[in-house]
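Shown next: target.csv, containing CSV, C-alpha atoms and all ligand atoms.
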chain,number,residue,atom,x,y,z
A,733,MET,CA,23.8,6.8,-6.2
A,734,GLY,CA,20.8,9.1,-5.6
A,735,GLU,CA,18.1,8.4,-3.1
A,736,LEU,CA,15.6,7.4,-5.7
A,737,ASP,CA,18.0,4.9,-7.3
A,738,LYS,CA,18.6,3.5,-3.8
A,739,ALA,CA,14.9,3.2,-3.2
A,740,ILE,CA,14.3,1.4,-6.6
A,741,GLU,CA,17.1,-1.0,-5.8
A,742,ALA,CA,15.8,-1.6,-2.3
A,743,MET,CA,12.3,-2.3,-3.6
A,744,ARG,CA,13.8,-5.0,-5.9
A,745,LYS,CA,15.7,-6.6,-3.1
A,746,GLY,CA,12.8,-6.6,-0.6
A,747,ILE,CA,14.4,-3.9,1.6
A,748,PRO,CA,11.8,-1.5,3.1
A,749,VAL,CA,11.7,2.1,1.7
A,750,LEU,CA,10.4,5.2,3.5
A,751,ILE,CA,8.3,7.5,1.3
A,752,HIS,CA,7.4,11.1,2.4
A,753,ASP,CA,4.4,12.2,0.3
A,754,ASP,CA,4.5,16.0,0.4
A,755,TYR,CA,4.7,18.8,3.1
A,756,GLY,CA,1.4,20.2,1.5
A,757,ARG,CA,-0.5,16.9,1.7
A,758,GLU,CA,-0.5,14.4,4.6
A,759,ASP,CA,3.1,15.3,5.3
A,760,GLU,CA,3.6,11.7,6.5
A,761,VAL,CA,6.3,9.1,6.0
A,762,ASP,CA,5.1,5.6,5.1
A,763,TYR,CA,7.2,2.4,5.5
A,764,VAL,CA,6.8,0.6,2.2
A,765,ILE,CA,7.7,-2.9,0.9
A,766,HIS,CA,6.9,-4.9,-2.1
A,767,ALA,CA,4.1,-7.4,-1.1
A,768,SER,CA,6.0,-10.4,-2.5
A,769,TYR,CA,8.6,-9.8,0.3
A,770,VAL,CA,6.2,-9.7,3.2
A,771,THR,CA,7.1,-12.1,6.0
A,772,VAL,CA,5.9,-12.5,9.6
A,773,ASP,CA,9.0,-10.6,10.8
A,774,LYS,CA,8.2,-7.7,8.4
A,775,ILE,CA,4.7,-7.4,9.7
A,776,TYR,CA,6.1,-7.3,13.2
A,777,GLU,CA,8.5,-4.5,12.2
A,778,MET,CA,5.7,-2.6,10.5
A,779,ARG,CA,3.6,-2.5,13.7
A,780,THR,CA,6.5,-1.9,16.1
A,781,LEU,CA,8.8,0.4,14.1
A,782,ALA,CA,6.1,2.2,12.0
A,783,GLY,CA,2.9,1.7,14.0
A,784,GLY,CA,0.2,2.9,11.5
A,785,LEU,CA,-2.4,1.0,9.6
A,786,ILE,CA,-0.9,-1.9,7.5
A,787,CYS,CA,-2.5,-1.7,4.1
A,788,TYR,CA,-2.2,-3.6,0.9
A,789,ALA,CA,-2.2,-1.6,-2.4
A,790,MET,CA,-2.9,-2.6,-6.0
A,791,PRO,CA,-3.8,-0.4,-9.0
A,792,LEU,CA,-7.5,0.4,-9.5
A,793,PRO,CA,-7.6,-1.4,-12.9
A,794,ALA,CA,-6.4,-4.6,-11.2
A,795,GLY,CA,-9.0,-4.2,-8.5
A,796,GLU,CA,-11.7,-3.7,-11.1
A,797,MET,CA,-10.8,-6.9,-12.8
A,798,LEU,CA,-11.5,-8.6,-9.4
A,799,GLY,CA,-14.8,-6.8,-9.1
A,800,LEU,CA,-13.5,-4.6,-6.3
A,801,ARG,CA,-14.7,-1.0,-5.9
A,802,TYR,CA,-14.0,1.9,-3.5
A,803,ILE,CA,-15.9,1.4,-0.3
A,804,ALA,CA,-17.0,5.1,-0.6
A,805,ASP,CA,-18.7,4.2,-4.0
A,806,ILE,CA,-20.4,1.2,-2.4
A,807,LEU,CA,-21.7,3.2,0.5
A,808,ALA,CA,-22.8,6.1,-1.8
A,809,GLY,CA,-25.7,3.9,-3.0
A,810,ILE,CA,-27.0,3.1,0.6
A,811,GLU,CA,-28.9,5.7,2.7
A,812,PRO,CA,-28.1,6.9,5.3
A,813,LEU,CA,-24.6,5.4,5.1
A,814,GLY,CA,-23.9,7.2,1.9
A,815,ARG,CA,-23.8,10.5,3.8
A,816,LEU,CA,-20.6,9.4,5.5
A,817,ALA,CA,-18.9,8.8,2.2
A,818,GLU,CA,-19.6,12.3,0.8
A,819,ARG,CA,-17.0,13.7,3.2
A,820,THR,CA,-13.2,13.9,3.0
A,821,LEU,CA,-10.5,14.9,5.6
A,822,GLY,CA,-8.9,18.3,5.5
A,823,TYR,CA,-6.2,17.7,2.9
A,824,GLY,CA,-9.0,16.8,0.5
A,825,ASP,CA,-8.0,13.6,-1.3
A,826,LYS,CA,-10.7,10.9,-2.0
A,827,PRO,CA,-9.9,7.8,0.1
A,828,ALA,CA,-8.2,4.9,-1.6
A,829,PHE,CA,-9.9,2.3,0.6
A,830,SER,CA,-11.7,-0.7,-0.9
A,831,LEU,CA,-12.7,-3.8,1.2
A,832,TRP,CA,-10.9,-5.2,4.2
A,833,VAL,CA,-10.1,-8.9,3.7
A,834,ASN,CA,-8.7,-12.0,5.5
A,835,HIS,CA,-7.3,-15.1,3.8
A,836,LEU,CA,-9.5,-18.1,4.8
A,837,LYS,CA,-6.5,-19.9,6.3
A,838,ALA,CA,-5.9,-17.1,8.8
A,839,ARG,CA,-6.7,-17.8,12.4
A,840,THR,CA,-8.2,-14.5,13.5
A,841,GLY,CA,-6.8,-12.3,10.8
A,842,ILE,CA,-4.9,-9.8,12.9
A,843,ARG,CA,-1.8,-11.8,14.0
A,844,ASP,CA,1.5,-11.1,12.2
A,845,ARG,CA,1.3,-14.6,10.7
A,846,ASP,CA,-2.3,-14.0,9.5
A,847,ARG,CA,-1.6,-10.6,7.9
A,848,ALA,CA,1.6,-11.9,6.2
A,849,LEU,CA,-0.5,-14.8,4.7
A,850,THR,CA,-3.3,-12.5,3.6
A,851,ILE,CA,-0.9,-10.1,1.9
A,852,ARG,CA,1.3,-12.7,0.2
A,853,GLU,CA,-1.9,-14.4,-1.2
A,854,LEU,CA,-3.2,-11.0,-2.4
A,855,ASP,CA,0.1,-10.5,-4.1
A,856,ARG,CA,-0.3,-13.9,-5.8
A,857,VAL,CA,-3.7,-12.9,-7.1
A,858,VAL,CA,-2.4,-9.6,-8.5
A,859,ASN,CA,0.6,-11.3,-10.1
A,860,LEU,CA,-1.9,-13.6,-12.0
A,861,ILE,CA,-3.7,-10.5,-13.3
A,862,TYR,CA,-0.4,-9.0,-14.6
A,863,SER,CA,0.5,-12.3,-16.2
A,864,GLY,CA,-2.7,-12.1,-18.2
A,865,ARG,CA,-4.4,-14.9,-16.1
A,866,VAL,CA,-7.4,-12.8,-15.0
A,867,GLU,CA,-9.9,-15.7,-14.7
A,868,GLU,CA,-7.5,-17.7,-12.5
A,869,ALA,CA,-7.0,-14.5,-10.4
A,870,ARG,CA,-10.7,-14.0,-9.9
A,871,LYS,CA,-11.2,-17.7,-9.0
A,872,LEU,CA,-8.3,-17.6,-6.5
A,873,PHE,CA,-9.6,-14.4,-5.0
A,874,TYR,CA,-13.2,-15.5,-4.5
A,875,GLU,CA,-12.2,-19.0,-3.3
A,876,SER,CA,-9.6,-17.9,-0.8
A,877,PHE,CA,-10.7,-14.7,0.9
A,878,MET,CA,-13.4,-13.3,3.2
A,879,ALA,CA,-14.6,-9.8,4.0
A,880,PRO,CA,-14.6,-8.0,6.3
A,881,GLY,CA,-11.1,-8.8,7.4
A,882,HIS,CA,-8.0,-7.2,8.8
A,883,VAL,CA,-6.1,-6.1,5.7
A,884,PRO,CA,-7.5,-3.0,4.0
A,885,ILE,CA,-7.1,-3.1,0.2
A,886,LEU,CA,-6.2,0.3,-1.3
A,887,LEU,CA,-6.8,0.9,-5.0
A,888,GLY,CA,-4.3,3.3,-6.6
A,889,ARG,CA,-5.2,5.9,-9.2
A,890,ARG,CA,-3.0,7.5,-11.8
A,891,LEU,CA,-0.5,10.1,-10.5
A,892,GLY,CA,-2.3,12.7,-12.6
A,893,GLU,CA,-5.3,12.1,-10.4
A,894,ARG,CA,-3.9,11.4,-6.9
A,895,ARG,CA,-0.5,11.4,-5.3
A,896,GLY,CA,-0.9,9.5,-2.0
A,897,HIS,CA,1.4,6.9,-0.6
A,898,THR,CA,-0.9,4.4,-2.3
A,899,GLU,CA,0.0,5.7,-5.8
A,900,LEU,CA,3.7,6.6,-4.9
A,901,SER,CA,4.4,3.1,-3.6
A,902,LEU,CA,2.8,1.4,-6.7
A,903,HIS,CA,4.7,3.6,-9.1
A,904,LEU,CA,8.0,2.9,-7.2
A,905,ALA,CA,7.3,-0.8,-7.7
A,906,MET,CA,6.8,-0.2,-11.4
A,907,LEU,CA,9.9,1.9,-11.7
A,908,ALA,CA,11.7,-1.1,-10.2
A,909,GLY,CA,10.1,-3.3,-13.0
A,910,MET,CA,8.0,-5.2,-10.5
A,911,THR,CA,4.2,-5.9,-10.3
A,912,PRO,CA,2.4,-3.0,-8.7
A,913,SER,CA,1.6,-4.8,-5.4
A,914,THR,CA,2.8,-3.1,-2.2
A,915,VAL,CA,2.3,-2.9,1.5
A,916,ILE,CA,2.4,0.5,3.2
A,917,VAL,CA,2.1,1.7,6.8
A,918,GLU,CA,2.4,5.1,8.3
A,919,MET,CA,5.3,5.9,10.6
A,920,LEU,CA,3.8,7.3,13.8
A,921,ASP,CA,5.2,9.0,16.9
A,922,ARG,CA,3.4,9.5,20.2
A,923,GLY,CA,0.3,11.6,19.3
A,924,GLU,CA,1.7,12.6,15.9
A,925,ALA,CA,3.1,11.4,12.6
A,926,LEU,CA,6.8,10.8,12.7
A,927,SER,CA,8.6,13.9,11.5
A,928,VAL,CA,10.7,13.7,8.3
A,929,GLU,CA,13.8,14.5,10.5
A,930,GLU,CA,13.1,11.5,12.7
A,931,ALA,CA,12.4,9.3,9.7
A,932,ARG,CA,15.8,10.3,8.3
A,933,ARG,CA,17.3,9.0,11.5
A,934,VAL,CA,15.5,5.7,11.1
A,935,SER,CA,16.6,5.6,7.5
A,936,ARG,CA,20.3,6.0,8.5
A,937,GLU,CA,20.0,3.5,11.4
A,938,LYS,CA,18.2,0.8,9.4
A,939,GLY,CA,19.6,1.4,6.0
A,940,TYR,CA,16.1,1.9,4.5
A,941,PRO,CA,16.2,4.6,1.8
A,942,LEU,CA,14.0,7.7,2.4
A,943,VAL,CA,12.6,9.2,-0.8
A,944,GLU,CA,10.4,12.2,-1.5
A,945,GLY,CA,7.1,11.7,-3.4
A,946,SER,CA,8.3,14.5,-5.8
A,947,GLU,CA,11.3,12.4,-6.8
A,948,ILE,CA,9.1,9.4,-7.7
A,949,ILE,CA,6.6,11.7,-9.6
A,950,ALA,CA,9.5,13.4,-11.6
A,951,GLU,CA,10.9,10.0,-12.7
A,952,VAL,CA,7.5,8.7,-13.7
A,953,GLU,CA,6.9,11.9,-15.7
A,954,ARG,CA,10.4,11.7,-17.2
A,955,ARG,CA,9.7,8.1,-18.4
A,956,GLY,CA,6.1,9.0,-19.4
A,957,GLU,CA,4.8,5.9,-17.5
A,958,ASP,CA,1.8,7.0,-15.4
A,959,MET,CA,-0.4,3.9,-14.9
A,1001,LIG,C1,-4.2,4.4,5.1
A,1001,LIG,C2,-3.9,5.8,4.8
A,1001,LIG,C3,-2.5,6.3,4.6
A,1001,LIG,O1,-2.4,7.6,4.5
A,1001,LIG,C4,-1.7,5.5,3.6
A,1001,LIG,O2,-0.5,6.2,3.4
A,1001,LIG,C5,-2.4,5.4,2.2
A,1001,LIG,O3,-3.1,6.5,1.9
A,1001,LIG,P1,-2.7,7.7,0.9
A,1001,LIG,O4,-2.6,7.1,-0.5
A,1001,LIG,O5,-3.9,8.6,1.1
A,1001,LIG,O6,-1.4,8.3,1.4
A,1001,LIG,O7,-4.8,6.6,4.7
A,1001,LIG,O8,-3.8,4.2,6.4
A,1002,CA,CA,-4.4,8.7,3.5
A,1003,ZN,ZN,-0.6,8.3,3.3

How does this structure look as structure tokens?
Ligand code: 5RP
Ligand code: CA
Ligand code: ZN
Amino acid sequence: MGELDKAIEAMRKGIPVLIHDDYGREDEVDYVIHASYVTVDKIYEMRTLAGGLICYAMPLPAGEMLGLRYIADILAGIEPLGRLAERTLGYGDKPAFSLWVNHLKARTGIRDRDRALTIRELDRVVNLIYSGRVEEARKLFYESFMAPGHVPILLGRRLGERRGHTELSLHLAMLAGMTPSTVIVEMLDRGEALSVEEARRVSREKGYPLVEGSEIIAEVERRGEDM
């Protein structure tokens, strides 16, 4: 079985997958799991094994149905804050960040238990959207969450537009026939991102498939299924 097939199968089973975006982009490896499988232990592993920023991702159209927008677009209308949102980092992509939220039943929002709860409940909201129950999703979202919180929501674009870990993870979920609803966190090393070679070692040790962004993109293009 090829690495992409292993990654698709792992996604379905709730086993973490490691995704390397591209040597010409961030050149980072993210630890990725479908949001429906997030537990307290998984959040613990994300911050101890991976160490980056734990983010929740959903597609932009789902976010728009909830009234969410990119934080950069919100800031753009407010001076002088808008000046900050005109800029991007060196590799040039527009950020995928929307709001940061906490579930209202969280204690402080940051604890493993709190972030697992916030993410699982976000997954429940997005599942309602993809089941066609948009009004219920909106009601649940506005009754159960607060902002600012400790879980950043990322809104994924089409692969034709952006090819970050946000988009790659959401498309991997869709290739697995699952709701596009993922949790992603960068794998870091002291002072740097974890190299692909080191990530390969983690992949072997933990049994978490390591897949290249280009493999996901090629399969989405082959199936003609960009979101
Ligand atoms: C949030 C980030 C990370 O790079 C994460 O991988 C998602 O972003 P992208 O879609 O740009 O890869 O910026 O911590
Ligand atoms: Ca990024
Ligand atoms: Zn990234």

Pick out the residues no farther than 8 Å from ligand CA 1002 (chain A), counting only C-alpha atoms and all ligand atoms, and list them as number ranges by chain. A: 758, 825, 827-828, 896-897

Using only C-alpha atoms, find the one residue out of A:Arg890, A:Asp958, A:Arg757, A:Leu926 that sits nearest to A:Gly822.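 With only C-alpha atoms as the atom set, the closest residue is A:Arg757.
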
Please indicate the distance in Å from atom CA of A:Leu792 to atom CA of A:Thr771, rounded to one decimal place. 24.7 Å

Taking all atoms listed in the file into account, which residues are within 8 Å of ligand ZN 1003 (chain A), as a PyMOL selection string? chain A and resi 753+758+760-762+896-898+917-918

Quick one: distance from atom CA of A:Arg870 to atom CA of A:Leu798 in Å, one decimal? 5.5 Å

Can I get a file of stretch 814-864 of chain A from the given structure, N, CA and C atoms kept, as a short mmCIF file (atom, residue, chain, number, x, y, z; two decimals), in the first residue's frame?
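Once everything was written out, this is out-v1.cif:
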data_model
loop_
_atom_site.label_atom_id
_atom_site.label_comp_id
_atom_site.auth_asym_id
_atom_site.auth_seq_id
_atom_site.Cartn_x
_atom_site.Cartn_y
_atom_site.Cartn_z
N GLY A 814 -6.12 47.59 10.62
CA GLY A 814 -6.14 47.05 9.28
C GLY A 814 -4.76 47.00 8.63
N ARG A 815 -3.88 47.92 9.05
CA ARG A 815 -2.52 47.95 8.47
C ARG A 815 -1.78 46.64 8.74
N LEU A 816 -2.06 46.04 9.91
CA LEU A 816 -1.40 44.78 10.26
C LEU A 816 -1.83 43.65 9.33
N ALA A 817 -3.07 43.74 8.89
CA ALA A 817 -3.64 42.65 8.10
C ALA A 817 -3.30 42.75 6.61
N GLU A 818 -2.61 43.83 6.22
CA GLU A 818 -2.22 43.97 4.81
C GLU A 818 -0.97 43.15 4.51
N ARG A 819 -0.31 42.65 5.57
CA ARG A 819 1.00 42.02 5.40
C ARG A 819 0.89 40.50 5.43
N THR A 820 1.87 39.84 4.80
CA THR A 820 1.97 38.38 4.90
C THR A 820 3.41 38.03 5.22
N LEU A 821 3.64 36.79 5.64
CA LEU A 821 5.01 36.34 5.90
C LEU A 821 5.69 35.99 4.57
N GLY A 822 7.01 35.74 4.65
CA GLY A 822 7.84 35.58 3.46
C GLY A 822 7.31 34.66 2.38
N TYR A 823 6.72 33.52 2.75
CA TYR A 823 6.30 32.57 1.71
C TYR A 823 5.01 33.01 1.03
N GLY A 824 4.37 34.07 1.58
CA GLY A 824 3.37 34.78 0.78
C GLY A 824 1.91 34.41 0.91
N ASP A 825 1.57 33.24 1.45
CA ASP A 825 0.16 32.86 1.50
C ASP A 825 -0.65 33.77 2.42
N LYS A 826 -1.91 34.02 2.04
CA LYS A 826 -2.82 34.71 2.95
C LYS A 826 -3.08 33.77 4.13
N PRO A 827 -3.17 34.33 5.34
CA PRO A 827 -3.43 33.46 6.49
C PRO A 827 -4.82 32.81 6.42
N ALA A 828 -4.94 31.66 7.07
CA ALA A 828 -6.23 30.94 7.09
C ALA A 828 -7.00 31.22 8.38
N PHE A 829 -6.42 32.04 9.25
CA PHE A 829 -7.03 32.25 10.58
C PHE A 829 -8.36 32.99 10.54
N SER A 830 -9.32 32.44 11.29
CA SER A 830 -10.56 33.16 11.58
C SER A 830 -10.51 33.51 13.07
N LEU A 831 -11.57 33.25 13.80
CA LEU A 831 -11.60 33.58 15.23
C LEU A 831 -10.98 32.46 16.07
N TRP A 832 -10.65 32.80 17.30
CA TRP A 832 -10.20 31.82 18.29
C TRP A 832 -11.37 31.63 19.27
N VAL A 833 -11.73 30.39 19.55
CA VAL A 833 -12.93 30.17 20.38
C VAL A 833 -12.65 29.19 21.54
N ASN A 834 -13.52 29.25 22.52
CA ASN A 834 -13.60 28.26 23.61
C ASN A 834 -15.03 27.76 23.67
N HIS A 835 -15.20 26.49 24.02
CA HIS A 835 -16.54 26.01 24.37
C HIS A 835 -16.89 26.58 25.74
N LEU A 836 -18.15 26.92 25.95
CA LEU A 836 -18.55 27.57 27.21
C LEU A 836 -18.38 26.66 28.42
N LYS A 837 -18.29 25.36 28.21
CA LYS A 837 -18.10 24.46 29.36
C LYS A 837 -16.62 24.26 29.68
N ALA A 838 -15.73 24.92 28.95
CA ALA A 838 -14.30 24.82 29.25
C ALA A 838 -14.02 25.55 30.57
N ARG A 839 -12.97 25.14 31.26
CA ARG A 839 -12.61 25.79 32.53
C ARG A 839 -11.85 27.09 32.26
N THR A 840 -10.67 26.98 31.63
CA THR A 840 -9.92 28.18 31.21
C THR A 840 -9.74 28.21 29.70
N GLY A 841 -9.92 27.08 29.04
CA GLY A 841 -9.82 27.02 27.59
C GLY A 841 -8.55 26.34 27.10
N ILE A 842 -7.47 26.41 27.91
CA ILE A 842 -6.17 25.93 27.40
C ILE A 842 -5.88 24.47 27.74
N ARG A 843 -6.47 23.98 28.81
CA ARG A 843 -6.12 22.62 29.26
C ARG A 843 -6.47 21.59 28.19
N ASP A 844 -5.78 20.46 28.26
CA ASP A 844 -6.02 19.40 27.27
C ASP A 844 -7.51 19.06 27.21
N ARG A 845 -8.09 18.92 28.39
CA ARG A 845 -9.52 18.59 28.49
C ARG A 845 -10.37 19.68 27.80
N ASP A 846 -10.02 20.94 28.04
CA ASP A 846 -10.78 22.06 27.47
C ASP A 846 -10.67 22.10 25.95
N ARG A 847 -9.43 21.95 25.46
CA ARG A 847 -9.26 22.04 24.00
C ARG A 847 -9.90 20.85 23.29
N ALA A 848 -9.82 19.67 23.95
CA ALA A 848 -10.49 18.49 23.35
C ALA A 848 -11.99 18.74 23.26
N LEU A 849 -12.56 19.31 24.31
CA LEU A 849 -14.00 19.60 24.31
C LEU A 849 -14.35 20.62 23.22
N THR A 850 -13.61 21.72 23.17
CA THR A 850 -13.89 22.76 22.17
C THR A 850 -13.84 22.18 20.76
N ILE A 851 -12.82 21.37 20.50
CA ILE A 851 -12.64 20.82 19.15
C ILE A 851 -13.73 19.80 18.81
N ARG A 852 -14.04 18.93 19.75
CA ARG A 852 -15.09 17.93 19.47
C ARG A 852 -16.44 18.61 19.21
N GLU A 853 -16.71 19.68 19.95
CA GLU A 853 -17.98 20.39 19.75
C GLU A 853 -17.98 21.17 18.44
N LEU A 854 -16.83 21.71 18.04
CA LEU A 854 -16.75 22.36 16.72
C LEU A 854 -17.03 21.32 15.63
N ASP A 855 -16.48 20.13 15.84
CA ASP A 855 -16.71 19.05 14.87
C ASP A 855 -18.20 18.72 14.78
N ARG A 856 -18.88 18.75 15.93
CA ARG A 856 -20.32 18.46 15.93
C ARG A 856 -21.08 19.52 15.12
N VAL A 857 -20.68 20.78 15.28
CA VAL A 857 -21.32 21.87 14.54
C VAL A 857 -21.13 21.66 13.03
N VAL A 858 -19.89 21.36 12.63
CA VAL A 858 -19.60 21.22 11.20
C VAL A 858 -20.28 19.98 10.62
N ASN A 859 -20.41 18.94 11.42
CA ASN A 859 -21.15 17.77 10.96
C ASN A 859 -22.61 18.09 10.68
N LEU A 860 -23.19 18.95 11.51
CA LEU A 860 -24.58 19.37 11.27
C LEU A 860 -24.68 20.08 9.93
N ILE A 861 -23.69 20.95 9.65
CA ILE A 861 -23.70 21.67 8.36
C ILE A 861 -23.69 20.69 7.20
N TYR A 862 -22.80 19.71 7.27
CA TYR A 862 -22.67 18.77 6.15
C TYR A 862 -23.80 17.74 6.13
N SER A 863 -24.65 17.74 7.17
CA SER A 863 -25.86 16.90 7.13
C SER A 863 -27.04 17.74 6.64
N GLY A 864 -26.78 19.00 6.24
CA GLY A 864 -27.84 19.86 5.74
C GLY A 864 -28.63 20.57 6.84
#
